[in-house]
Every structure is written in structure tokens, then in C-alpha cells.
>>> print(open('work-v1.cif').read())   # mmCIF, C-alpha atoms
data_target
loop_
_atom_site.label_atom_id
_atom_site.label_comp_id
_atom_site.auth_asym_id
_atom_site.auth_seq_id
_atom_site.Cartn_x
_atom_site.Cartn_y
_atom_site.Cartn_z
CA ALA A 21 94.39 125.40 112.29
CA ALA A 22 95.93 126.90 109.19
CA GLY A 23 95.29 125.04 105.96
CA VAL A 24 96.72 125.05 102.47
CA ILE A 25 95.58 128.17 100.65
CA GLN A 26 95.12 128.21 96.89
CA SER A 27 94.26 131.10 94.65
CA PRO A 28 92.31 131.81 92.65
CA ARG A 29 89.47 129.42 93.44
CA HIS A 30 88.02 129.68 89.96
CA LEU A 31 89.64 130.71 86.70
CA ILE A 32 88.31 130.95 83.17
CA LYS A 33 90.79 131.24 80.33
CA GLU A 34 90.63 131.03 76.58
CA LYS A 35 92.59 128.54 74.49
CA ARG A 36 96.23 129.46 74.01
CA GLU A 37 96.22 131.80 77.00
CA THR A 38 98.41 131.40 80.07
CA ALA A 39 97.39 130.85 83.69
CA THR A 40 99.21 131.05 87.00
CA LEU A 41 97.95 129.19 90.04
CA LYS A 42 99.26 129.99 93.51
CA CYS A 43 99.64 127.82 96.59
CA TYR A 44 100.50 128.79 100.15
CA PRO A 45 101.39 125.69 102.20
CA ILE A 46 100.65 125.11 105.84
CA PRO A 47 103.27 127.02 107.91
CA ARG A 48 106.45 124.98 108.53
CA HIS A 49 105.55 122.44 105.85
CA ASP A 50 108.60 121.95 103.64
CA THR A 51 107.11 119.98 100.75
CA VAL A 52 104.55 121.10 98.19
CA TYR A 53 102.76 118.94 95.62
CA TRP A 54 100.57 119.77 92.64
CA TYR A 55 97.82 117.47 91.37
CA GLN A 56 95.39 117.67 88.47
CA GLN A 57 91.91 116.16 88.65
CA GLY A 58 89.91 115.94 85.42
CA PRO A 59 86.11 115.62 85.47
CA GLY A 60 85.11 112.28 86.98
CA GLN A 61 88.75 111.29 87.44
CA ASP A 62 91.04 110.72 90.38
CA PRO A 63 93.77 113.26 91.15
CA GLN A 64 96.99 112.79 89.18
CA PHE A 65 100.36 113.87 90.52
CA LEU A 66 102.09 116.61 88.51
CA ILE A 67 105.17 117.81 90.40
CA SER A 68 106.57 118.29 93.88
CA PHE A 69 109.10 120.49 95.65
CA TYR A 70 111.09 119.89 98.82
CA GLU A 71 112.87 122.85 100.39
CA LYS A 72 112.40 124.87 97.18
CA MET A 73 113.98 122.22 94.97
CA GLN A 74 112.02 120.03 92.57
CA SER A 75 111.84 116.62 94.20
CA ASP A 76 109.73 114.57 91.79
CA LYS A 77 107.90 114.91 88.53
CA GLY A 78 104.81 113.12 87.35
CA SER A 79 102.63 113.50 84.29
CA ILE A 80 103.15 117.23 83.91
CA PRO A 81 102.93 118.56 80.34
CA ASP A 82 105.93 120.46 78.98
CA ARG A 83 103.64 123.51 78.69
CA PHE A 84 103.43 123.59 82.48
CA SER A 85 106.13 124.70 84.87
CA ALA A 86 106.25 125.27 88.58
CA GLN A 87 108.51 126.60 91.27
CA GLN A 88 108.67 127.05 95.00
CA PHE A 89 109.80 130.38 96.35
CA SER A 90 111.89 131.38 99.37
CA ASP A 91 108.74 131.85 101.47
CA TYR A 92 107.70 128.27 100.49
CA HIS A 93 104.72 129.34 98.43
CA SER A 94 104.50 127.69 95.03
CA GLU A 95 103.17 128.70 91.63
CA LEU A 96 102.06 126.51 88.75
CA ASN A 97 102.41 128.23 85.39
CA MET A 98 100.41 126.90 82.48
CA SER A 99 100.92 128.15 78.93
CA SER A 100 99.24 127.54 75.58
CA LEU A 101 96.15 126.34 77.40
CA GLU A 102 94.09 123.62 75.75
CA LEU A 103 90.48 122.61 76.32
CA GLY A 104 91.76 119.40 77.92
CA ASP A 105 93.50 121.39 80.64
CA SER A 106 90.11 122.16 82.17
CA ALA A 107 90.32 120.50 85.56
CA LEU A 108 90.53 120.96 89.30
CA TYR A 109 94.10 121.70 90.35
CA PHE A 110 95.10 120.84 93.89
CA CYS A 111 98.08 121.88 95.87
CA ALA A 112 99.08 119.84 98.91
CA SER A 113 101.74 120.27 101.54
CA SER A 114 103.43 118.05 104.09
CA VAL A 115 106.19 118.00 106.67
CA THR A 116 105.89 114.29 107.43
CA ALA A 117 104.38 111.65 105.16
CA GLU A 118 100.79 112.89 105.56
CA ALA A 119 99.71 115.31 102.85
CA PHE A 120 97.09 118.01 103.35
CA PHE A 121 95.23 119.40 100.37
CA GLY A 122 94.02 122.87 99.54
CA GLN A 123 90.52 123.59 98.31
CA GLY A 124 91.67 123.55 94.70
CA THR A 125 91.53 125.89 91.73
CA ARG A 126 88.89 125.08 89.16
CA LEU A 127 90.28 126.00 85.74
CA THR A 128 87.96 126.20 82.78
CA VAL A 129 89.45 126.66 79.33
CA VAL A 130 86.99 127.90 76.70
CA GLY B 16 103.99 101.25 89.14
CA ILE B 17 101.82 100.49 92.12
CA GLN B 18 98.15 99.75 91.46
CA VAL B 19 95.36 100.92 93.76
CA GLU B 20 91.92 99.37 93.45
CA GLN B 21 88.87 100.53 95.35
CA SER B 22 85.58 98.77 95.75
CA PRO B 23 82.72 99.12 95.32
CA PRO B 24 82.84 101.89 92.69
CA ASP B 25 79.36 103.08 93.65
CA LEU B 26 77.33 102.69 96.82
CA ILE B 27 73.84 103.90 97.67
CA LEU B 28 72.77 103.81 101.30
CA GLN B 29 69.78 104.78 103.34
CA GLU B 30 70.55 107.25 106.11
CA GLY B 31 71.56 105.39 109.25
CA ALA B 32 73.08 102.40 107.46
CA ASN B 33 76.65 101.18 107.88
CA SER B 34 79.15 100.55 105.09
CA THR B 35 82.62 99.20 104.40
CA LEU B 36 84.84 100.54 101.63
CA ARG B 37 87.88 98.59 100.50
CA CYS B 38 91.24 99.59 99.05
CA ASN B 39 93.67 97.01 97.66
CA PHE B 40 97.20 97.94 96.67
CA SER B 41 99.72 95.94 94.70
CA ASP B 42 102.95 96.63 96.61
CA SER B 43 104.22 97.66 100.02
CA VAL B 44 103.57 101.28 100.93
CA ASN B 45 104.99 103.86 103.30
CA ASN B 46 101.89 106.00 103.31
CA LEU B 47 98.19 105.34 102.96
CA GLN B 48 95.57 108.04 103.29
CA TRP B 49 91.79 108.10 103.02
CA PHE B 50 90.07 111.22 101.71
CA HIS B 51 86.50 112.35 101.32
CA GLN B 52 85.82 114.57 98.32
CA ASN B 53 82.62 116.46 98.97
CA PRO B 54 80.22 117.62 96.26
CA TRP B 55 82.05 120.97 96.12
CA GLY B 56 85.29 119.23 95.21
CA GLN B 57 87.14 119.71 98.47
CA LEU B 58 89.48 116.86 99.47
CA ILE B 59 89.18 116.26 103.19
CA ASN B 60 91.72 114.17 105.09
CA LEU B 61 90.06 111.31 106.92
CA PHE B 62 92.92 109.08 107.99
CA TYR B 63 96.64 108.70 107.62
CA ILE B 64 96.93 104.96 108.18
CA PRO B 65 99.84 103.03 106.63
CA SER B 66 99.12 100.28 109.16
CA GLY B 67 96.90 99.54 112.13
CA THR B 68 93.50 100.81 113.12
CA LYS B 69 92.20 104.29 113.84
CA GLN B 70 88.82 105.73 114.73
CA ASN B 71 87.37 109.20 114.44
CA GLY B 72 83.74 109.48 115.48
CA ARG B 73 81.55 107.45 113.13
CA LEU B 74 84.49 106.64 110.89
CA SER B 75 87.19 104.07 111.41
CA ALA B 76 89.88 102.56 109.24
CA THR B 77 92.07 99.50 109.29
CA THR B 78 95.13 98.80 107.15
CA VAL B 79 96.65 95.32 106.99
CA ALA B 80 99.94 96.18 105.32
CA THR B 81 101.14 92.56 105.05
CA GLU B 82 98.03 91.68 103.05
CA ARG B 83 97.99 94.98 101.12
CA TYR B 84 94.53 96.23 101.85
CA SER B 85 92.77 98.91 103.84
CA LEU B 86 89.16 99.21 104.94
CA LEU B 87 87.15 102.33 105.74
CA TYR B 88 84.08 101.85 107.91
CA ILE B 89 81.27 104.37 108.02
CA SER B 90 78.64 103.82 110.68
CA SER B 91 75.22 105.46 111.01
CA SER B 92 75.68 107.21 107.68
CA GLN B 93 74.34 110.72 107.17
CA THR B 94 73.46 112.60 103.99
CA THR B 95 76.54 114.77 104.54
CA ASP B 96 78.68 111.64 104.10
CA SER B 97 77.80 111.66 100.39
CA GLY B 98 80.66 112.21 97.99
CA VAL B 99 83.64 110.28 96.68
CA TYR B 100 85.98 108.42 99.01
CA PHE B 101 89.54 108.07 97.77
CA CYS B 102 92.30 105.83 98.99
CA ALA B 103 95.81 107.05 98.09
CA VAL B 104 99.19 105.42 98.65
CA ASP B 105 102.85 106.28 98.38
CA ARG B 106 105.64 103.73 98.07
CA GLY B 107 108.57 105.95 98.78
CA SER B 108 109.44 108.84 101.03
CA GLN B 109 108.59 111.66 98.64
CA GLY B 110 104.91 111.66 99.38
CA ASN B 111 103.64 111.57 95.80
CA LEU B 112 100.31 109.93 96.27
CA ILE B 113 98.77 107.48 93.81
CA PHE B 114 95.01 107.57 94.06
CA GLY B 115 92.48 104.84 93.47
CA LYS B 116 89.45 105.51 91.29
CA GLY B 117 87.32 106.18 94.35
CA THR B 118 84.02 104.95 95.76
CA LYS B 119 81.08 107.23 95.06
CA LEU B 120 78.75 107.17 98.05
CA SER B 121 75.21 108.50 97.99
CA VAL B 122 73.30 108.58 101.26
CA LYS B 123 69.54 109.00 100.86
CA PRO B 124 67.37 110.60 103.56
#
>>> encode(input="work-v1.cif", output="C-alpha cells")
Amino acid sequence: AAGVIQSPRHLIKEKRETATLKCYPIPRHDTVYWYQQGPGQDPQFLISFYEKMQSDKGSIPDRFSAQQFSDYHSELNMSSLELGDSALYFCASSVTAEAFFGQGTRLTVV
Amino acid sequence: GIQVEQSPPDLILQEGANSTLRCNFSDSVNNLQWFHQNPWGQLINLFYIPSGTKQNGRLSATTVATERYSLLYISSSQTTDSGVYFCAVDRGSQGNLIFGKGTKLSVKP
């Protein structure tokens, strides 16, 4: 079965650079979520989209933005990167209440 | 906001042993999911179980929504069961999950 696809899997950036993470949801899933998981932490909700419209917002920094495109894929844009942004970033998708997670993008800011 | 508490925080088992992981939540929920995060960081869906009981092989889960807790049972544990087990809940219909702190399980051969 198709799963949620995230790219890239690993990313190394320097402070103050920008990064773009991509997410391709499971086909026919209409909702996409982004989560951030710091080292040793639980995943924290950042933002979600339903039918290409932002549906909810969590603890997403103002330096981050996201959107969902007409083909339902989503991108998380991160600017002015800080060392504290180093984390595992998950995308998840759903069509009912159950969410399915991608393999994550491990971002390291140096 | 809703609080999710998992216990125990850490668990060490010998291969073949059974275990019970608990998740307490502070308010009614529309969604409850159990995940296994393996040592490579991947979050694997185990159960979607806002109420009732489900079984999948050596794993089973029970959620008693009226008493606001869920249990995950692992029988005949294997070394590949090692990792962190997360319980996550959602109060509303938007699916934004709130995770507990997890139970870190280590299964020794």
C-alpha cells in the first residue's frame, strides 16, 4: 500500500539558511499535518491543511510557513534556521480520523 | 488543553516476556492512536482505537473511553519490539494529535 512520502530524508543546513521539506500524502487523503520532534521529545503539531486550506495551527514559529498544493502535496518552508530547529520533521495524512505518518526528514542545523 | 500521560516511562524486558503500557488522558477524545517509533525514527501505526478492543498478532489494545485510559499489551516480546511507544489523542475532528511522552521499551535477548 502507498504510504506518505517525505523528501529529503536527511538535510544539513547552516544557521540563517532556508530549508524546504516536501510531503506527498497517501492518494485520496485530503488532510496533511506537519509535526516536529526534537531529540528525546514527543512529536509536536505544527500546522495542518484540509483540501488545500489551512485548517489548524499549532506551535509553528513565524519563520516557518507551509502550503498544500492542487495535487495535495505539501511543503514546509523554514527560514532563518536556528540550531534549535534541528529535529525530525514528520508529515502525516488522513482521510478519516486515523493519521498515517511518513518516515520523516531529519534536519540538522550547524 | 488535553493532557496525555504514559506509564511507565521506561521498561526493560527479557525476550519472551509480556508487558502492559498505559495511557491516561484528561478529557474525552474522538481519536486515540498507538504508535511504535523504531530506533531509526520511523513512526509506525499500531492501532486506531478511540474505544473498544483490537488485536493484531502479538499486540492488542483496549481503550475505556468513559474512564479515559488505554492499554497496549505486548505478548512474547521480541528484540524488534524495542523502541518508543507513543499514545496520541485528538479531541476534535481536525486530527491534530497530542502525543504523550512515550514509553521507551528495551527488549534484551
>>> resolve_selection(input="work-v1.cif", expression="the PyMOL selection byres ((chain B and resi 58) around 10)", output="ChimeraX atom specification")
/A:110,120-124 /B:49-57,59-61,99-101
>>> write_last_selection(input="work-v1.cif", atoms="C-alpha atoms", output="compact mmCIF listing (two decimals), in the coordinates of the input")
# COMPACT_ATOMS: atom_id res chain seq x y z
CA PHE A 110 95.10 120.84 93.89
CA PHE A 120 97.09 118.01 103.35
CA PHE A 121 95.23 119.40 100.37
CA GLY A 122 94.02 122.87 99.54
CA GLN A 123 90.52 123.59 98.31
CA GLY A 124 91.67 123.55 94.70
CA TRP B 49 91.79 108.10 103.02
CA PHE B 50 90.07 111.22 101.71
CA HIS B 51 86.50 112.35 101.32
CA GLN B 52 85.82 114.57 98.32
CA ASN B 53 82.62 116.46 98.97
CA PRO B 54 80.22 117.62 96.26
CA TRP B 55 82.05 120.97 96.12
CA GLY B 56 85.29 119.23 95.21
CA GLN B 57 87.14 119.71 98.47
CA ILE B 59 89.18 116.26 103.19
CA ASN B 60 91.72 114.17 105.09
CA LEU B 61 90.06 111.31 106.92
CA VAL B 99 83.64 110.28 96.68
CA TYR B 100 85.98 108.42 99.01
CA PHE B 101 89.54 108.07 97.77
>>> closest_atom_pairs(input="work-v1.cif", of="chain A", to="range 62-84 of chain B", cutoff="9 Å", atoms="all atoms listed in the file", output="Markdown table")
| residue | atom | partner | partner_atom | distance |
| --- | --- | --- | --- | --- |
| A:Ala117 | CA | B:Tyr63 | CA | 8.6 |
| A:Glu118 | CA | B:Tyr63 | CA | 6.2 |
| A:Ala119 | CA | B:Tyr63 | CA | 8.7 |
>>> closest_atom_pairs(input="work-v1.cif", of="chain A", to="chain B", cutoff="10 Å", atoms="only C-alpha atoms", output="Markdown table")
| residue | atom | partner | partner_atom | distance |
| --- | --- | --- | --- | --- |
| A:Thr51 | CA | B:Gln109 | CA | 8.7 |
| A:Val52 | CA | B:Gly110 | CA | 9.5 |
| A:Tyr53 | CA | B:Asn111 | CA | 7.4 |
| A:Trp54 | CA | B:Asn111 | CA | 9.3 |
| A:Tyr55 | CA | B:Leu112 | CA | 9.3 |
| A:Gln57 | CA | B:Gly56 | CA | 9.8 |
| A:Gly60 | CA | B:Lys116 | CA | 9.1 |
| A:Gln61 | CA | B:Lys116 | CA | 7.0 |
| A:Asp62 | CA | B:Lys116 | CA | 5.5 |
| A:Pro63 | CA | B:Phe114 | CA | 6.5 |
| A:Gln64 | CA | B:Ile113 | CA | 7.3 |
| A:Phe65 | CA | B:Asn111 | CA | 6.6 |
| A:Leu66 | CA | B:Asn111 | CA | 9.0 |
| A:Ile67 | CA | B:Asn111 | CA | 8.4 |
| A:Ser68 | CA | B:Asn111 | CA | 7.6 |
| A:Phe69 | CA | B:Gln109 | CA | 9.3 |
| A:Tyr70 | CA | B:Gln109 | CA | 8.6 |
| A:Ser75 | CA | B:Gln109 | CA | 7.4 |
| A:Asp76 | CA | B:Gln109 | CA | 7.5 |
| A:Lys77 | CA | B:Asn111 | CA | 9.1 |
| A:Gly78 | CA | B:Asn111 | CA | 8.7 |
| A:Leu108 | CA | B:Gly56 | CA | 8.1 |
| A:Phe110 | CA | B:Leu58 | CA | 8.9 |
| A:Ala112 | CA | B:Asn111 | CA | 9.9 |
| A:Ser113 | CA | B:Gly110 | CA | 9.4 |
| A:Ser114 | CA | B:Gly110 | CA | 8.1 |
| A:Val115 | CA | B:Gly110 | CA | 9.7 |
| A:Thr116 | CA | B:Gly110 | CA | 8.5 |
| A:Ala117 | CA | B:Gly110 | CA | 5.8 |
| A:Glu118 | CA | B:Tyr63 | CA | 6.2 |
| A:Ala119 | CA | B:Gly110 | CA | 7.2 |
| A:Phe120 | CA | B:Asn60 | CA | 6.8 |
| A:Phe121 | CA | B:Leu58 | CA | 6.4 |
| A:Gly122 | CA | B:Leu58 | CA | 7.5 |
| A:Gln123 | CA | B:Gln57 | CA | 5.1 |
| A:Gly124 | CA | B:Gln57 | CA | 7.0 |
| A:Thr125 | CA | B:Gly56 | CA | 9.8 |
| A:Arg126 | CA | B:Gly56 | CA | 9.2 |
>>> atom_distance(input="work-v1.cif", atom1="CA of Lys123 in chain B", atom2="CA of Gly31 in chain B")
9.4 Å
>>> resolve_selection(input="work-v1.cif", expression="the PyMOL selection byres ((chain A and resi 30) around 7)", output="list in words")
Pro28, Arg29, Leu31, Ile32, Thr125, Arg126 and Leu127 of chain A
>>> residues_around(input="work-v1.cif", residues="Arg36 in chain A", least_positions_apart="5", cutoff="7 Å", atoms="only C-alpha atoms", output="PyMOL selection string")
chain A and resi 99-102
>>> resolve_selection(input="work-v1.cif", expression="the PyMOL selection byres ((chain B and resi 88) around 8)", output="number ranges by chain")
B: 33-36, 74-76, 86-87, 89-90
>>> atom_distance(input="work-v1.cif", atom1="CA of Gln26 in chain A", atom2="CA of Arg48 in chain A")
16.6 Å
>>> atom_distance(input="work-v1.cif", atom1="CA of Glu30 in chain B", atom2="CA of Pro59 in chain A")
27.2 Å
>>> residues_around(input="work-v1.cif", residues="Tyr44 in chain A", least_positions_apart="5", cutoff="9 Å", atoms="all atoms listed in the file", output="list of chain:residue names")
A:Gly23, A:Val24, A:Ile25, A:Gln26, A:Ser27, A:Val52, A:Asp91, A:Tyr92, A:His93, A:Ser94, A:Glu95, A:Cys111, A:Ser113, A:Gly122
>>> residues_around(input="work-v1.cif", residues="Leu103 in chain A", least_positions_apart="3", cutoff="7 Å", atoms="all atoms listed in the file", output="PDB file with C-alpha atoms, in the frame of the given file")
ATOM      1  CA  LYS A  35      92.590 128.540  74.490  1.00  0.00           C
ATOM      2  CA  SER A 106      90.110 122.160  82.170  1.00  0.00           C
ATOM      3  CA  VAL A 129      89.450 126.660  79.330  1.00  0.00           C
ATOM      4  CA  VAL A 130      86.990 127.900  76.700  1.00  0.00           C
TER       5      VAL A 130
END
>>> closest_residue(input="work-v1.cif", among="B:Arg37, B:Val44, B:Ser85, B:Leu28", to="Ser97 in chain B", atoms="only C-alpha atoms")
B:Leu28
>>> residues_near_point(input="work-v1.cif", point="(104.9, 126.6, 83.6)", cutoff="9 Å", atoms="all atoms listed in the file", output="JSON list (two decimals) with C-alpha atoms, keeping the file's coordinate frame")
[["chain", "number", "residue", "atom", "x", "y", "z"],
["A", 38, "THR", "CA", 98.41, 131.40, 80.07],
["A", 39, "ALA", "CA", 97.39, 130.85, 83.69],
["A", 40, "THR", "CA", 99.21, 131.05, 87.00],
["A", 81, "PRO", "CA", 102.93, 118.56, 80.34],
["A", 82, "ASP", "CA", 105.93, 120.46, 78.98],
["A", 83, "ARG", "CA", 103.64, 123.51, 78.69],
["A", 84, "PHE", "CA", 103.43, 123.59, 82.48],
["A", 85, "SER", "CA", 106.13, 124.70, 84.87],
["A", 86, "ALA", "CA", 106.25, 125.27, 88.58],
["A", 87, "GLN", "CA", 108.51, 126.60, 91.27],
["A", 95, "GLU", "CA", 103.17, 128.70, 91.63],
["A", 96, "LEU", "CA", 102.06, 126.51, 88.75],
["A", 97, "ASN", "CA", 102.41, 128.23, 85.39],
["A", 98, "MET", "CA", 100.41, 126.90, 82.48],
["A", 99, "SER", "CA", 100.92, 128.15, 78.93]]
>>> closest_residue(input="work-v1.cif", among="B:Gly98, B:Gly16, B:Thr118, B:Ser92", to="Ser43 in chain B", atoms="only C-alpha atoms")
B:Gly16
>>> axis_aligned_box(input="work-v1.cif", around="range 22-41 of chain A", padding_each_side="3 Å", output="JSON")
{"center_x": 93.6, "center_y": 128.4, "center_z": 91.6, "size_x": 17.2, "size_y": 12.8, "size_z": 41.2}
>>> decode(input="work-v1.cif", residues="range 92-107 of chain A", atoms="N, CA and C atoms", output="short mmCIF file (atom, residue, chain, number, x, y, z; two decimals), in the first residue's frame")
data_model
loop_
_atom_site.label_atom_id
_atom_site.label_comp_id
_atom_site.auth_asym_id
_atom_site.auth_seq_id
_atom_site.Cartn_x
_atom_site.Cartn_y
_atom_site.Cartn_z
N TYR A 92 -2.30 18.09 -3.83
CA TYR A 92 -2.37 17.70 -2.41
C TYR A 92 -1.02 17.52 -1.74
N HIS A 93 0.09 17.66 -2.50
CA HIS A 93 1.35 17.59 -1.79
C HIS A 93 1.53 18.88 -0.99
N SER A 94 2.37 18.81 0.01
CA SER A 94 2.56 19.95 0.90
C SER A 94 4.05 20.24 1.05
N GLU A 95 4.36 21.48 1.30
CA GLU A 95 5.74 21.90 1.55
C GLU A 95 5.81 22.73 2.82
N LEU A 96 6.84 22.47 3.60
CA LEU A 96 7.11 23.25 4.81
C LEU A 96 8.37 24.06 4.54
N ASN A 97 8.24 25.37 4.57
CA ASN A 97 9.35 26.26 4.31
C ASN A 97 9.85 26.85 5.63
N MET A 98 11.16 26.75 5.82
CA MET A 98 11.75 27.18 7.08
C MET A 98 12.86 28.17 6.76
N SER A 99 12.76 29.37 7.31
CA SER A 99 13.76 30.40 7.02
C SER A 99 14.52 30.78 8.28
N SER A 100 15.63 31.47 8.07
CA SER A 100 16.47 31.93 9.19
C SER A 100 16.69 30.81 10.20
N LEU A 101 17.15 29.68 9.70
CA LEU A 101 17.27 28.49 10.54
C LEU A 101 18.15 28.75 11.76
N GLU A 102 17.73 28.15 12.88
CA GLU A 102 18.46 28.25 14.14
C GLU A 102 18.89 26.85 14.55
N LEU A 103 19.89 26.78 15.43
CA LEU A 103 20.36 25.48 15.89
C LEU A 103 19.21 24.67 16.51
N GLY A 104 18.31 25.36 17.19
CA GLY A 104 17.19 24.70 17.84
C GLY A 104 16.16 24.11 16.89
N ASP A 105 16.29 24.41 15.61
CA ASP A 105 15.37 23.83 14.63
C ASP A 105 15.78 22.42 14.24
N SER A 106 16.96 22.00 14.69
CA SER A 106 17.40 20.63 14.41
C SER A 106 16.40 19.66 15.03
N ALA A 107 15.82 18.83 14.20
CA ALA A 107 14.76 17.94 14.67
C ALA A 107 14.37 16.99 13.55
#
